[in-house]
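Visitor: Just so it is clear, I am handing over structure31.cif, which has mmCIF, C-alpha atoms.
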```
data_data
loop_
_atom_site.group_PDB
_atom_site.id
_atom_site.type_symbol
_atom_site.label_atom_id
_atom_site.label_comp_id
_atom_site.auth_asym_id
_atom_site.auth_seq_id
_atom_site.Cartn_x
_atom_site.Cartn_y
_atom_site.Cartn_z
ATOM 1 C CA MET A 1065 6.012 -22.875 -42.185
ATOM 2 C CA ALA A 1066 2.398 -21.577 -42.181
ATOM 3 C CA SER A 1067 1.953 -17.812 -42.012
ATOM 4 C CA PRO A 1068 0.430 -16.448 -38.763
ATOM 5 C CA PRO A 1069 -3.367 -16.004 -38.793
ATOM 6 C CA ASP A 1070 -4.876 -12.641 -39.698
ATOM 7 C CA ASN A 1071 -6.632 -11.527 -36.501
ATOM 8 C CA GLY A 1072 -5.883 -7.783 -36.410
ATOM 9 C CA GLY A 1073 -9.537 -6.922 -35.765
ATOM 10 C CA PHE A 1074 -9.344 -8.419 -32.254
ATOM 11 C CA VAL A 1075 -6.236 -6.313 -31.534
ATOM 12 C CA ALA A 1076 -7.944 -3.131 -32.722
ATOM 13 C CA ALA A 1077 -10.978 -3.934 -30.534
ATOM 14 C CA ALA A 1078 -8.762 -4.599 -27.493
ATOM 15 C CA TYR A 1079 -6.804 -1.345 -27.816
ATOM 16 C CA LEU A 1080 -9.931 0.724 -28.534
ATOM 17 C CA ILE A 1081 -11.853 -0.751 -25.575
ATOM 18 C CA THR A 1082 -8.892 -0.117 -23.233
ATOM 19 C CA GLY A 1083 -8.525 3.480 -24.444
ATOM 20 C CA GLY A 1084 -12.263 4.051 -24.220
ATOM 21 C CA ALA A 1085 -12.584 2.617 -20.697
ATOM 22 C CA LEU A 1086 -9.601 4.525 -19.295
ATOM 23 C CA GLY A 1087 -10.608 7.754 -21.075
ATOM 24 C CA ALA A 1088 -14.193 7.477 -19.845
ATOM 25 C CA TYR A 1089 -13.051 6.885 -16.249
ATOM 26 C CA VAL A 1090 -10.681 9.883 -16.270
ATOM 27 C CA ALA A 1091 -13.368 12.076 -17.883
ATOM 28 C CA ARG A 1092 -15.864 10.966 -15.209
ATOM 29 C CA LEU A 1093 -13.423 11.867 -12.421
ATOM 30 C CA PHE A 1094 -12.774 15.317 -13.919
ATOM 31 C CA ALA A 1095 -16.526 15.879 -14.306
ATOM 32 C CA ARG A 1096 -17.095 14.926 -10.630
ATOM 33 C CA ALA A 1097 -14.294 17.278 -9.544
ATOM 34 C CA THR A 1098 -15.785 20.165 -11.542
ATOM 35 C CA ARG A 1099 -19.271 19.473 -10.167
ATOM 36 C CA ALA A 1100 -18.000 19.371 -6.572
ATOM 37 C CA ARG A 1101 -16.040 22.603 -7.047
ATOM 38 C CA ARG A 1102 -19.104 24.366 -8.499
ATOM 39 C CA ARG A 1103 -21.328 23.064 -5.698
ATOM 40 C CA THR A 1104 -18.886 24.375 -3.066
ATOM 41 C CA ALA A 1105 -18.661 27.760 -4.778
ATOM 42 C CA ALA A 1106 -22.471 27.982 -5.009
ATOM 43 C CA ILE A 1107 -22.931 27.139 -1.306
ATOM 44 C CA VAL A 1108 -20.336 29.710 -0.240
ATOM 45 C CA ALA A 1109 -21.814 32.373 -2.544
ATOM 46 C CA ARG A 1110 -25.331 31.749 -1.162
ATOM 47 C CA ARG A 1111 -24.019 32.076 2.375
ATOM 48 C CA GLY A 1112 -22.206 35.291 1.462
ATOM 49 C CA GLY A 1113 -19.056 34.141 3.210
ATOM 50 C CA PRO A 1114 -15.445 34.294 2.088
ATOM 51 C CA PRO A 1115 -14.462 32.230 -0.980
ATOM 52 C CA ALA A 1116 -13.822 28.642 -0.049
ATOM 53 C CA ARG A 1117 -10.338 27.169 0.044
ATOM 54 C CA LEU A 1118 -11.079 24.342 -2.329
ATOM 55 C CA GLU A 1119 -7.933 22.323 -1.873
ATOM 56 C CA ARG A 1120 -6.105 21.244 1.206
ATOM 57 C CA PRO A 1121 -2.810 19.413 1.562
ATOM 58 C CA SER A 1122 -3.353 15.727 1.186
ATOM 59 C CA PRO A 1123 -3.911 13.132 2.343
ATOM 60 C CA MET B 943 6.163 4.359 10.263
ATOM 61 C CA PRO B 944 2.532 5.199 9.368
ATOM 62 C CA ASN B 945 3.468 8.902 9.620
ATOM 63 C CA THR B 946 6.363 8.461 7.167
ATOM 64 C CA ALA B 947 4.056 6.615 4.763
ATOM 65 C CA GLU B 948 1.435 9.347 5.134
ATOM 66 C CA ARG B 949 4.017 12.084 4.450
ATOM 67 C CA ALA B 950 5.240 10.256 1.318
ATOM 68 C CA MET B 951 1.649 9.786 0.180
ATOM 69 C CA GLY B 952 0.978 13.468 0.842
ATOM 70 C CA LYS B 953 3.828 14.545 -1.441
ATOM 71 C CA LEU B 954 2.738 12.181 -4.191
ATOM 72 C CA THR B 955 -0.883 13.261 -4.056
ATOM 73 C CA ALA B 956 -0.148 17.012 -3.894
ATOM 74 C CA ARG B 957 -1.328 18.911 -6.957
ATOM 75 C CA ARG B 958 2.139 19.164 -8.544
ATOM 76 C CA GLY B 959 2.802 15.465 -8.007
ATOM 77 C CA GLU B 960 -0.558 14.667 -9.598
ATOM 78 C CA ARG B 961 0.253 16.739 -12.698
ATOM 79 C CA TRP B 962 3.630 15.041 -13.117
ATOM 80 C CA LEU B 963 2.050 11.629 -12.726
ATOM 81 C CA GLY B 964 -0.546 12.582 -15.362
ATOM 82 C CA VAL B 965 2.133 13.637 -17.863
ATOM 83 C CA LEU B 966 4.189 10.492 -17.189
ATOM 84 C CA ALA B 967 1.096 8.279 -17.468
ATOM 85 C CA VAL B 968 0.092 9.729 -20.862
ATOM 86 C CA GLY B 969 3.674 9.356 -22.137
ATOM 87 C CA GLY B 970 3.911 5.803 -20.783
ATOM 88 C CA VAL B 971 0.608 4.698 -22.296
ATOM 89 C CA ALA B 972 1.603 6.236 -25.666
ATOM 90 C CA ALA B 973 4.921 4.326 -25.498
ATOM 91 C CA THR B 974 3.034 1.099 -24.653
ATOM 92 C CA VAL B 975 0.716 1.512 -27.643
ATOM 93 C CA ALA B 976 3.686 2.279 -29.935
ATOM 94 C CA MET B 977 5.599 -0.752 -28.648
ATOM 95 C CA GLY B 978 2.554 -3.019 -28.786
ATOM 96 C CA LEU B 979 1.292 -2.059 -32.232
ATOM 97 C CA TRP B 980 4.377 -1.063 -34.216
ATOM 98 C CA VAL B 981 7.726 -1.881 -32.598
ATOM 99 C CA THR B 982 7.117 -5.516 -31.609
ATOM 100 C CA PRO B 983 6.607 -8.195 -34.283
ATOM 101 C CA PRO B 984 3.530 -10.461 -34.455
ATOM 102 C CA ASP B 985 3.797 -13.840 -32.756
ATOM 103 C CA ALA B 986 4.835 -16.715 -35.043
ATOM 104 C CA GLU B 987 1.882 -18.900 -33.979
ATOM 105 C CA GLU B 988 -0.835 -16.539 -32.739
ATOM 106 C CA GLY B 989 -0.195 -13.691 -35.177
ATOM 107 C CA ASN B 990 -1.192 -10.120 -34.333
ATOM 108 C CA VAL B 991 -3.607 -11.068 -31.557
ATOM 109 C CA PHE B 992 -0.581 -11.727 -29.313
ATOM 110 C CA ARG B 993 -0.221 -7.915 -29.146
ATOM 111 C CA ILE B 994 -3.058 -7.939 -26.586
ATOM 112 C CA ILE B 995 -0.484 -9.227 -24.078
ATOM 113 C CA TYR B 996 0.969 -5.681 -23.816
ATOM 114 C CA LEU B 997 -2.342 -4.516 -22.285
ATOM 115 C CA HIS B 998 -3.728 -7.689 -20.716
ATOM 116 C CA VAL B 999 -0.735 -8.530 -18.495
ATOM 117 C CA PRO B 1000 -0.218 -4.937 -17.220
ATOM 118 C CA ALA B 1001 -3.962 -4.703 -16.470
ATOM 119 C CA ALA B 1002 -3.825 -7.996 -14.529
ATOM 120 C CA TRP B 1003 -0.715 -6.818 -12.634
ATOM 121 C CA LEU B 1004 -2.573 -3.646 -11.671
ATOM 122 C CA ALA B 1005 -5.526 -5.653 -10.426
ATOM 123 C CA TYR B 1006 -3.142 -7.397 -7.997
ATOM 124 C CA LEU B 1007 -1.411 -4.136 -7.028
ATOM 125 C CA SER B 1008 -4.704 -2.291 -6.479
ATOM 126 C CA PHE B 1009 -6.032 -4.934 -4.146
ATOM 127 C CA LEU B 1010 -2.713 -5.119 -2.293
ATOM 128 C CA VAL B 1011 -3.073 -1.372 -1.649
ATOM 129 C CA VAL B 1012 -6.684 -1.982 -0.528
ATOM 130 C CA LEU B 1013 -5.326 -4.571 1.938
ATOM 131 C CA ILE B 1014 -2.640 -2.169 3.236
ATOM 132 C CA GLY B 1015 -5.124 0.719 3.501
ATOM 133 C CA SER B 1016 -7.671 -1.480 5.265
ATOM 134 C CA VAL B 1017 -5.189 -2.840 7.832
ATOM 135 C CA ALA B 1018 -3.777 0.659 8.415
ATOM 136 C CA TYR B 1019 -7.314 2.022 8.899
ATOM 137 C CA LEU B 1020 -8.241 -0.644 11.439
ATOM 138 C CA VAL B 1021 -4.975 -0.029 13.334
ATOM 139 C CA THR B 1022 -4.860 3.789 13.249
ATOM 140 C CA LYS B 1023 -8.578 4.651 12.693
ATOM 141 C CA ARG B 1024 -7.387 7.444 10.400
ATOM 142 C CA THR B 1025 -9.921 7.987 7.623
ATOM 143 C CA ARG B 1026 -7.252 8.861 5.069
ATOM 144 C CA TRP B 1027 -6.282 5.145 4.936
ATOM 145 C CA ASP B 1028 -9.901 4.261 4.282
ATOM 146 C CA TRP B 1029 -9.996 6.841 1.465
ATOM 147 C CA LEU B 1030 -6.834 5.322 -0.047
ATOM 148 C CA ALA B 1031 -8.346 1.818 0.085
ATOM 149 C CA ALA B 1032 -11.574 3.062 -1.513
ATOM 150 C CA ALA B 1033 -9.750 4.889 -4.320
ATOM 151 C CA SER B 1034 -7.534 1.876 -5.002
ATOM 152 C CA ALA B 1035 -10.512 -0.512 -5.031
ATOM 153 C CA GLU B 1036 -12.342 1.611 -7.600
ATOM 154 C CA VAL B 1037 -9.303 1.683 -9.901
ATOM 155 C CA GLY B 1038 -8.729 -2.030 -9.220
ATOM 156 C CA VAL B 1039 -12.265 -2.914 -10.313
ATOM 157 C CA LEU B 1040 -11.682 -0.970 -13.530
ATOM 158 C CA PHE B 1041 -8.462 -2.867 -14.282
ATOM 159 C CA THR B 1042 -9.873 -6.262 -13.267
ATOM 160 C CA GLY B 1043 -12.812 -5.657 -15.608
ATOM 161 C CA LEU B 1044 -10.373 -4.709 -18.368
ATOM 162 C CA THR B 1045 -8.327 -7.854 -17.675
ATOM 163 C CA LEU B 1046 -11.434 -10.013 -18.135
ATOM 164 C CA VAL B 1047 -12.572 -8.234 -21.298
ATOM 165 C CA LEU B 1048 -9.097 -8.239 -22.891
ATOM 166 C CA GLY B 1049 -8.612 -11.898 -21.960
ATOM 167 C CA SER B 1050 -11.948 -12.734 -23.546
ATOM 168 C CA ILE B 1051 -11.028 -10.911 -26.785
ATOM 169 C CA TRP B 1052 -7.702 -12.777 -26.827
ATOM 170 C CA ALA B 1053 -9.350 -16.138 -26.072
ATOM 171 C CA LYS B 1054 -11.775 -16.049 -29.009
ATOM 172 C CA PRO B 1055 -9.245 -16.439 -31.861
ATOM 173 C CA VAL B 1056 -6.782 -18.568 -29.822
ATOM 174 C CA TRP B 1057 -9.074 -20.890 -27.801
ATOM 175 C CA GLY B 1058 -12.099 -20.596 -30.082
ATOM 176 C CA THR B 1059 -14.376 -19.268 -27.331
ATOM 177 C CA TRP B 1060 -15.043 -15.934 -25.619
ATOM 178 C CA TRP B 1061 -15.325 -17.565 -22.179
ATOM 179 C CA THR B 1062 -14.629 -20.883 -20.512
ATOM 180 C CA TRP B 1063 -14.853 -21.866 -16.837
ATOM 181 C CA ASP B 1064 -11.091 -22.189 -16.609
ATOM 182 C CA PRO B 1065 -9.638 -21.855 -13.059
ATOM 183 C CA ARG B 1066 -7.750 -18.622 -13.888
ATOM 184 C CA LEU B 1067 -10.748 -17.012 -15.568
ATOM 185 C CA THR B 1068 -13.183 -18.126 -12.880
ATOM 186 C CA THR B 1069 -11.035 -16.956 -9.949
ATOM 187 C CA THR B 1070 -10.456 -13.618 -11.715
ATOM 188 C CA ALA B 1071 -14.218 -13.205 -12.200
ATOM 189 C CA VAL B 1072 -14.684 -13.969 -8.479
ATOM 190 C CA LEU B 1073 -12.020 -11.342 -7.661
ATOM 191 C CA PHE B 1074 -13.931 -8.797 -9.751
ATOM 192 C CA LEU B 1075 -17.176 -9.603 -7.918
ATOM 193 C CA ILE B 1076 -15.500 -9.408 -4.485
ATOM 194 C CA TYR B 1077 -14.319 -5.862 -5.119
ATOM 195 C CA VAL B 1078 -17.604 -4.808 -6.727
ATOM 196 C CA GLY B 1079 -19.059 -6.053 -3.416
ATOM 197 C CA TYR B 1080 -16.451 -3.999 -1.543
ATOM 198 C CA LEU B 1081 -17.591 -0.867 -3.411
ATOM 199 C CA ALA B 1082 -21.230 -1.808 -2.680
ATOM 200 C CA VAL B 1083 -20.449 -2.061 1.067
ATOM 201 C CA ARG B 1084 -19.079 1.488 0.875
ATOM 202 C CA LYS B 1085 -22.489 2.695 -0.362
ATOM 203 C CA LEU B 1086 -24.424 1.191 2.575
ATOM 204 C CA PRO B 1087 -26.460 3.714 4.537
ATOM 205 C CA ASP B 1088 -24.586 3.535 7.837
ATOM 206 C CA SER B 1089 -22.327 5.738 9.930
ATOM 207 C CA PRO B 1090 -19.105 6.556 8.021
ATOM 208 C CA ALA B 1091 -16.934 4.933 10.713
ATOM 209 C CA ARG B 1092 -18.908 1.673 10.769
ATOM 210 C CA ARG B 1093 -19.071 1.584 6.975
ATOM 211 C CA ALA B 1094 -15.292 2.103 6.777
ATOM 212 C CA ARG B 1095 -14.771 -0.698 9.315
ATOM 213 C CA TRP B 1096 -16.962 -3.128 7.343
ATOM 214 C CA ALA B 1097 -15.259 -2.141 4.089
ATOM 215 C CA ALA B 1098 -11.836 -2.700 5.687
ATOM 216 C CA VAL B 1099 -12.860 -6.210 6.757
ATOM 217 C CA VAL B 1100 -14.068 -7.001 3.209
ATOM 218 C CA GLY B 1101 -10.861 -5.478 1.809
ATOM 219 C CA ILE B 1102 -8.719 -7.741 3.996
ATOM 220 C CA VAL B 1103 -10.729 -10.950 3.516
ATOM 221 C CA GLY B 1104 -11.170 -10.282 -0.215
ATOM 222 C CA PHE B 1105 -7.402 -10.170 -0.763
ATOM 223 C CA VAL B 1106 -7.276 -13.919 -0.084
ATOM 224 C CA ASP B 1107 -8.443 -14.429 -3.676
ATOM 225 C CA VAL B 1108 -5.402 -12.608 -5.170
ATOM 226 C CA PRO B 1109 -2.840 -15.391 -4.505
ATOM 227 C CA ILE B 1110 -5.487 -17.943 -5.523
ATOM 228 C CA VAL B 1111 -5.857 -16.169 -8.898
ATOM 229 C CA HIS B 1112 -2.089 -16.019 -9.340
ATOM 230 C CA LEU B 1113 -1.459 -19.662 -8.430
ATOM 231 C CA SER B 1114 -4.593 -21.083 -10.092
ATOM 232 C CA VAL B 1115 -2.556 -21.953 -13.210
ATOM 233 C CA VAL B 1116 -0.100 -23.881 -11.030
ATOM 234 C CA TRP B 1117 -2.591 -25.619 -8.704
ATOM 235 C CA TRP B 1118 -5.163 -26.707 -11.288
ATOM 236 C CA ARG B 1119 -5.046 -27.869 -14.887
ATOM 237 C CA SER B 1120 -5.603 -24.653 -16.830
ATOM 238 C CA GLN B 1121 -5.779 -23.582 -20.470
ATOM 239 C CA HIS B 1122 -4.291 -20.265 -19.421
ATOM 240 C CA GLN B 1123 -0.555 -19.754 -19.813
ATOM 241 C CA ALA B 1124 1.798 -19.668 -16.779
ATOM 242 C CA PRO B 1125 2.257 -16.342 -14.901
ATOM 243 C CA ALA B 1126 3.507 -14.052 -17.689
ATOM 244 C CA LEU B 1127 5.879 -11.750 -15.823
ATOM 245 C CA LEU B 1128 7.667 -14.560 -13.974
ATOM 246 C CA HIS B 1129 7.650 -17.414 -16.463
ATOM 247 C CA VAL B 1130 6.846 -16.146 -19.957
ATOM 248 C CA ALA B 1131 8.681 -12.781 -20.129
ATOM 249 C CA PRO B 1132 12.177 -14.267 -19.514
ATOM 250 C CA ARG B 1133 11.662 -16.602 -22.517
ATOM 251 C CA MET B 1134 10.296 -13.926 -24.869
ATOM 252 C CA ALA B 1135 12.232 -12.174 -27.633
ATOM 253 C CA PRO B 1136 13.982 -9.136 -26.063
ATOM 254 C CA VAL B 1137 11.880 -6.607 -27.993
ATOM 255 C CA MET B 1138 8.648 -8.325 -26.869
ATOM 256 C CA ALA B 1139 9.846 -8.473 -23.247
ATOM 257 C CA ALA B 1140 10.722 -4.761 -23.505
ATOM 258 C CA GLY B 1141 7.204 -4.049 -24.796
ATOM 259 C CA LEU B 1142 5.696 -5.991 -21.888
ATOM 260 C CA MET B 1143 7.858 -4.217 -19.297
ATOM 261 C CA THR B 1144 6.997 -0.821 -20.854
ATOM 262 C CA GLY B 1145 3.323 -1.688 -20.452
ATOM 263 C CA VAL B 1146 3.754 -2.784 -16.838
ATOM 264 C CA ALA B 1147 5.694 0.379 -15.934
ATOM 265 C CA ALA B 1148 3.261 2.673 -17.793
ATOM 266 C CA PHE B 1149 0.181 1.099 -16.231
ATOM 267 C CA THR B 1150 1.754 1.311 -12.760
ATOM 268 C CA ILE B 1151 2.271 5.059 -13.222
ATOM 269 C CA LEU B 1152 -1.253 5.333 -14.623
ATOM 270 C CA TYR B 1153 -2.557 3.550 -11.515
ATOM 271 C CA ALA B 1154 -0.746 6.039 -9.246
ATOM 272 C CA TYR B 1155 -2.226 8.916 -11.256
ATOM 273 C CA LEU B 1156 -5.781 7.548 -11.181
ATOM 274 C CA VAL B 1157 -5.649 6.914 -7.414
ATOM 275 C CA THR B 1158 -4.281 10.424 -6.838
ATOM 276 C CA LEU B 1159 -7.006 11.936 -9.009
ATOM 277 C CA ARG B 1160 -9.688 9.846 -7.284
ATOM 278 C CA LEU B 1161 -8.449 10.991 -3.860
ATOM 279 C CA ARG B 1162 -8.667 14.645 -4.974
ATOM 280 C CA VAL B 1163 -12.215 14.156 -6.271
ATOM 281 C CA GLY B 1164 -13.161 12.623 -2.909
ATOM 282 C CA ARG B 1165 -11.667 15.617 -1.066
ATOM 283 C CA LEU B 1166 -13.539 18.096 -3.288
ATOM 284 C CA GLU B 1167 -16.829 16.267 -2.725
ATOM 285 C CA ASP B 1168 -16.230 16.126 1.040
ATOM 286 C CA ARG B 1169 -15.429 19.832 0.927
ATOM 287 C CA ALA B 1170 -18.821 20.574 -0.670
ATOM 288 C CA VAL B 1171 -20.584 18.538 2.041
ATOM 289 C CA ALA B 1172 -18.565 20.256 4.798
ATOM 290 C CA GLU B 1173 -19.440 23.703 3.392
ATOM 291 C CA ALA B 1174 -23.131 22.765 3.330
ATOM 292 C CA LEU B 1175 -23.061 21.429 6.916
ATOM 293 C CA SER B 1176 -20.863 24.110 8.454
ATOM 294 C CA PRO B 1177 -23.602 26.758 9.160
ATOM 295 C CA ARG B 1178 -25.900 24.134 10.696
ATOM 296 C CA LEU B 1179 -23.163 22.774 12.952
ATOM 297 C CA GLY B 1180 -21.693 26.213 13.700
ATOM 298 C CA ARG B 1181 -18.172 25.098 12.774
ATOM 299 C CA SER B 1182 -15.900 25.947 9.874
ATOM 300 C CA ALA B 1183 -15.666 23.635 6.875
ATOM 301 C CA GLU B 1184 -11.930 23.210 7.593
ATOM 302 C CA GLU B 1185 -12.674 21.909 11.092
ATOM 303 C CA LEU B 1186 -15.215 19.441 9.764
ATOM 304 C CA MET B 1187 -12.804 18.249 7.077
ATOM 305 C CA ASP B 1188 -10.024 17.776 9.631
ATOM 306 C CA GLU B 1189 -12.375 15.900 11.928
ATOM 307 C CA ALA B 1190 -13.371 13.604 9.072
ATOM 308 C CA ALA B 1191 -9.703 13.000 8.212
ATOM 309 C CA SER B 1192 -8.639 11.880 11.672
ATOM 310 C CA PRO B 1193 -11.574 11.487 14.074
ATOM 311 C CA GLN B 1194 -9.430 9.888 16.753
ATOM 312 C CA GLU B 1195 -7.104 12.895 16.982
ATOM 313 C CA VAL B 1196 -10.029 15.313 17.226
ATOM 314 C CA ARG B 1197 -11.624 13.251 19.981
ATOM 315 C CA ALA B 1198 -8.312 13.146 21.841
ATOM 316 C CA HIS B 1199 -7.936 16.926 21.707
ATOM 317 C CA GLY B 1200 -11.588 17.846 21.965
#
```
The structure in this file should be written as structure tokens.
Guide:
Amino acid sequence: MASPPDNGGFVAAAYLITGGALGAYVARLFARATRARRRTAAIVARRGGPPARLERPSP
Amino acid sequence: MPNTAERAMGKLTARRGERWLGVLAVGGVAATVAMGLWVTPPDAEEGNVFRIIYLHVPAAWLAYLSFLVVLIGSVAYLVTKRTRWDWLAAASAEVGVLFTGLTLVLGSIWAKPVWGTWWTWDPRLTTTAVLFLIYVGYLAVRKLPDSPARRARWAAVVGIVGFVDVPIVHLSVVWWRSQHQAPALLHVAPRMAPVMAAGLMTGVAAFTILYAYLVTLRLRVGRLEDRAVAEALSPRLGRSAEELMDEAASPQEVRAHG
């Protein structure tokens, strides 16, 4: 019986692309959350009001 | 019934639930990679490239699941007019587009050594590409400069009509002559070696948890961004940011009481 073909490079590419795409998406979401939190804090500080309650029960 | 669903969703998307989902998702993905790369053997005919199945099939399953949630969120929004359902549909569509894109890319990488081509206009591939474009269109509709309520209504209609393509994608390998294998979870997994089937099921479970985590995280990001907008608008409108957020969450209730 013939031995299976050597195509490990395609597997490495598939796993790396999946990890990269998922990691990049999660990192983007965290960056957006941080930016929104900072924007809220800056607006509240400029207004001189009480610190904002950043989270609320969801949804 | 919608209230029970909303309460369950509330618990899942609370901060503690999100953290637990994150931990479980990381553990699940690590287990999937370990199963896919080390525990399972290479396929006798295809060799190592068969290991892509442990990512490709879970990603395709999540594409279906994401767009099913978009359908549920869209119908619930049109029935209840509660914006939280629209937010759920939007979050699920974004994650769904990510996983549909991954499905196409992984399938293409798998096709090259097995079929000898990166892409062919096979019914399964073509309908999946159409599915991807439909939900990219859905996300584009959400960016239209219109009133939030009208935009949500249009998006809900696209979310409902767009779901028609999901069963077409699934059954394309049955209806038309296709190079693509039969539906993996229903037809292929039961005939696989037990260790390979276990690897596939680990991937499906891990990606499902990952989906729940990503949607939860996306919902929180949306709330934080809305919060920033509400804080900016509150002095101009003379109302607290909390009031504006509550009004955005369920406009119908506010109108009824106001």
Visitor: Between B:Pro984, B:Gly1043, B:Pro1055, B:Gly1038, which one has atoms that come closest to Gly1073 of chain A, using only C-alpha atoms?
Guide: B:Pro1055
Visitor: Identify all chain B residues at most 7 Å from chain A by counting only C-alpha atoms; ligands do not count. Present them as a CSV table (one decimal) with C-alpha atoms, keeping the file's coordinate frame.
Guide:
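Output contents, as saved in result-v7.csv:
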```
chain,number,residue,atom,x,y,z
B,951,MET,CA,1.6,9.8,0.2
B,952,GLY,CA,1.0,13.5,0.8
B,955,THR,CA,-0.9,13.3,-4.1
B,956,ALA,CA,-0.1,17.0,-3.9
B,986,ALA,CA,4.8,-16.7,-35.0
B,987,GLU,CA,1.9,-18.9,-34.0
B,988,GLU,CA,-0.8,-16.5,-32.7
B,989,GLY,CA,-0.2,-13.7,-35.2
B,990,ASN,CA,-1.2,-10.1,-34.3
B,991,VAL,CA,-3.6,-11.1,-31.6
B,993,ARG,CA,-0.2,-7.9,-29.1
B,994,ILE,CA,-3.1,-7.9,-26.6
B,1026,ARG,CA,-7.3,8.9,5.1
B,1044,LEU,CA,-10.4,-4.7,-18.4
B,1048,LEU,CA,-9.1,-8.2,-22.9
B,1051,ILE,CA,-11.0,-10.9,-26.8
B,1160,ARG,CA,-9.7,9.8,-7.3
B,1163,VAL,CA,-12.2,14.2,-6.3
B,1166,LEU,CA,-13.5,18.1,-3.3
B,1167,GLU,CA,-16.8,16.3,-2.7
B,1169,ARG,CA,-15.4,19.8,0.9
B,1170,ALA,CA,-18.8,20.6,-0.7
B,1173,GLU,CA,-19.4,23.7,3.4
B,1174,ALA,CA,-23.1,22.8,3.3
```
Visitor: Got a sec: who's within 9 Å of Ser1008 of chain B, counting only C-alpha atoms, leaving out chain neighbours fewer than 2 positions off, as an mmCIF file with C-alpha atoms, in the coordinates of the input?
Guide:
```cif
data_model
loop_
_atom_site.group_PDB
_atom_site.id
_atom_site.type_symbol
_atom_site.label_atom_id
_atom_site.label_comp_id
_atom_site.auth_asym_id
_atom_site.auth_seq_id
_atom_site.Cartn_x
_atom_site.Cartn_y
_atom_site.Cartn_z
ATOM 1 C CA TRP B 1003 -0.715 -6.818 -12.634
ATOM 2 C CA LEU B 1004 -2.573 -3.646 -11.671
ATOM 3 C CA ALA B 1005 -5.526 -5.653 -10.426
ATOM 4 C CA TYR B 1006 -3.142 -7.397 -7.997
ATOM 5 C CA LEU B 1010 -2.713 -5.119 -2.293
ATOM 6 C CA VAL B 1011 -3.073 -1.372 -1.649
ATOM 7 C CA VAL B 1012 -6.684 -1.982 -0.528
ATOM 8 C CA LEU B 1013 -5.326 -4.571 1.938
ATOM 9 C CA ALA B 1031 -8.346 1.818 0.085
ATOM 10 C CA SER B 1034 -7.534 1.876 -5.002
ATOM 11 C CA ALA B 1035 -10.512 -0.512 -5.031
ATOM 12 C CA GLU B 1036 -12.342 1.611 -7.600
ATOM 13 C CA VAL B 1037 -9.303 1.683 -9.901
ATOM 14 C CA GLY B 1038 -8.729 -2.030 -9.220
ATOM 15 C CA VAL B 1039 -12.265 -2.914 -10.313
ATOM 16 C CA PHE B 1041 -8.462 -2.867 -14.282
ATOM 17 C CA TYR B 1153 -2.557 3.550 -11.515
#
```
Visitor: Which distance in Å separates atom CA of Pro1065 of chain B and atom CA of Val999 of chain B, to one decimal?
Guide: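 Taking atom CA of Pro1065 of chain B and atom CA of Val999 of chain B, their separation equals 16.9 Å.
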Visitor: Could you tell me which residues the PyMOL selection byres ((chain B and resi 1078-1085) around 8) grabs in this file, written as a list in words?
Guide: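 Selected by the PyMOL selection byres ((chain B and resi 1078-1085) around 8) in this file: Ala1032, Ala1035, Glu1036, Val1039, Phe1074, Leu1075, Ile1076, Tyr1077, Leu1086, Pro1087, Arg1093, Ala1094, Trp1096, Ala1097, Val1100 and Gly1101 of chain B.
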Visitor: Compile the contact shell of Tyr1019 of chain B as a ChimeraX atom specification: residues with an atom at most 6 Å away, counting all atoms listed in the file, same-chain residues fewer than 5 positions apart removed.
Guide: /B:1024,1027-1028
Visitor: Let me have the centre and edge lengths in Å, one decimal, of the box along x, y and z around every listed atom of segment 1183-1188 of chain B with 4 Å of margin on each side, as JSON.
Guide:
```
{"center_x": -12.8, "center_y": 20.7, "center_z": 9.0, "size_x": 13.6, "size_y": 13.9, "size_z": 12.2}
```
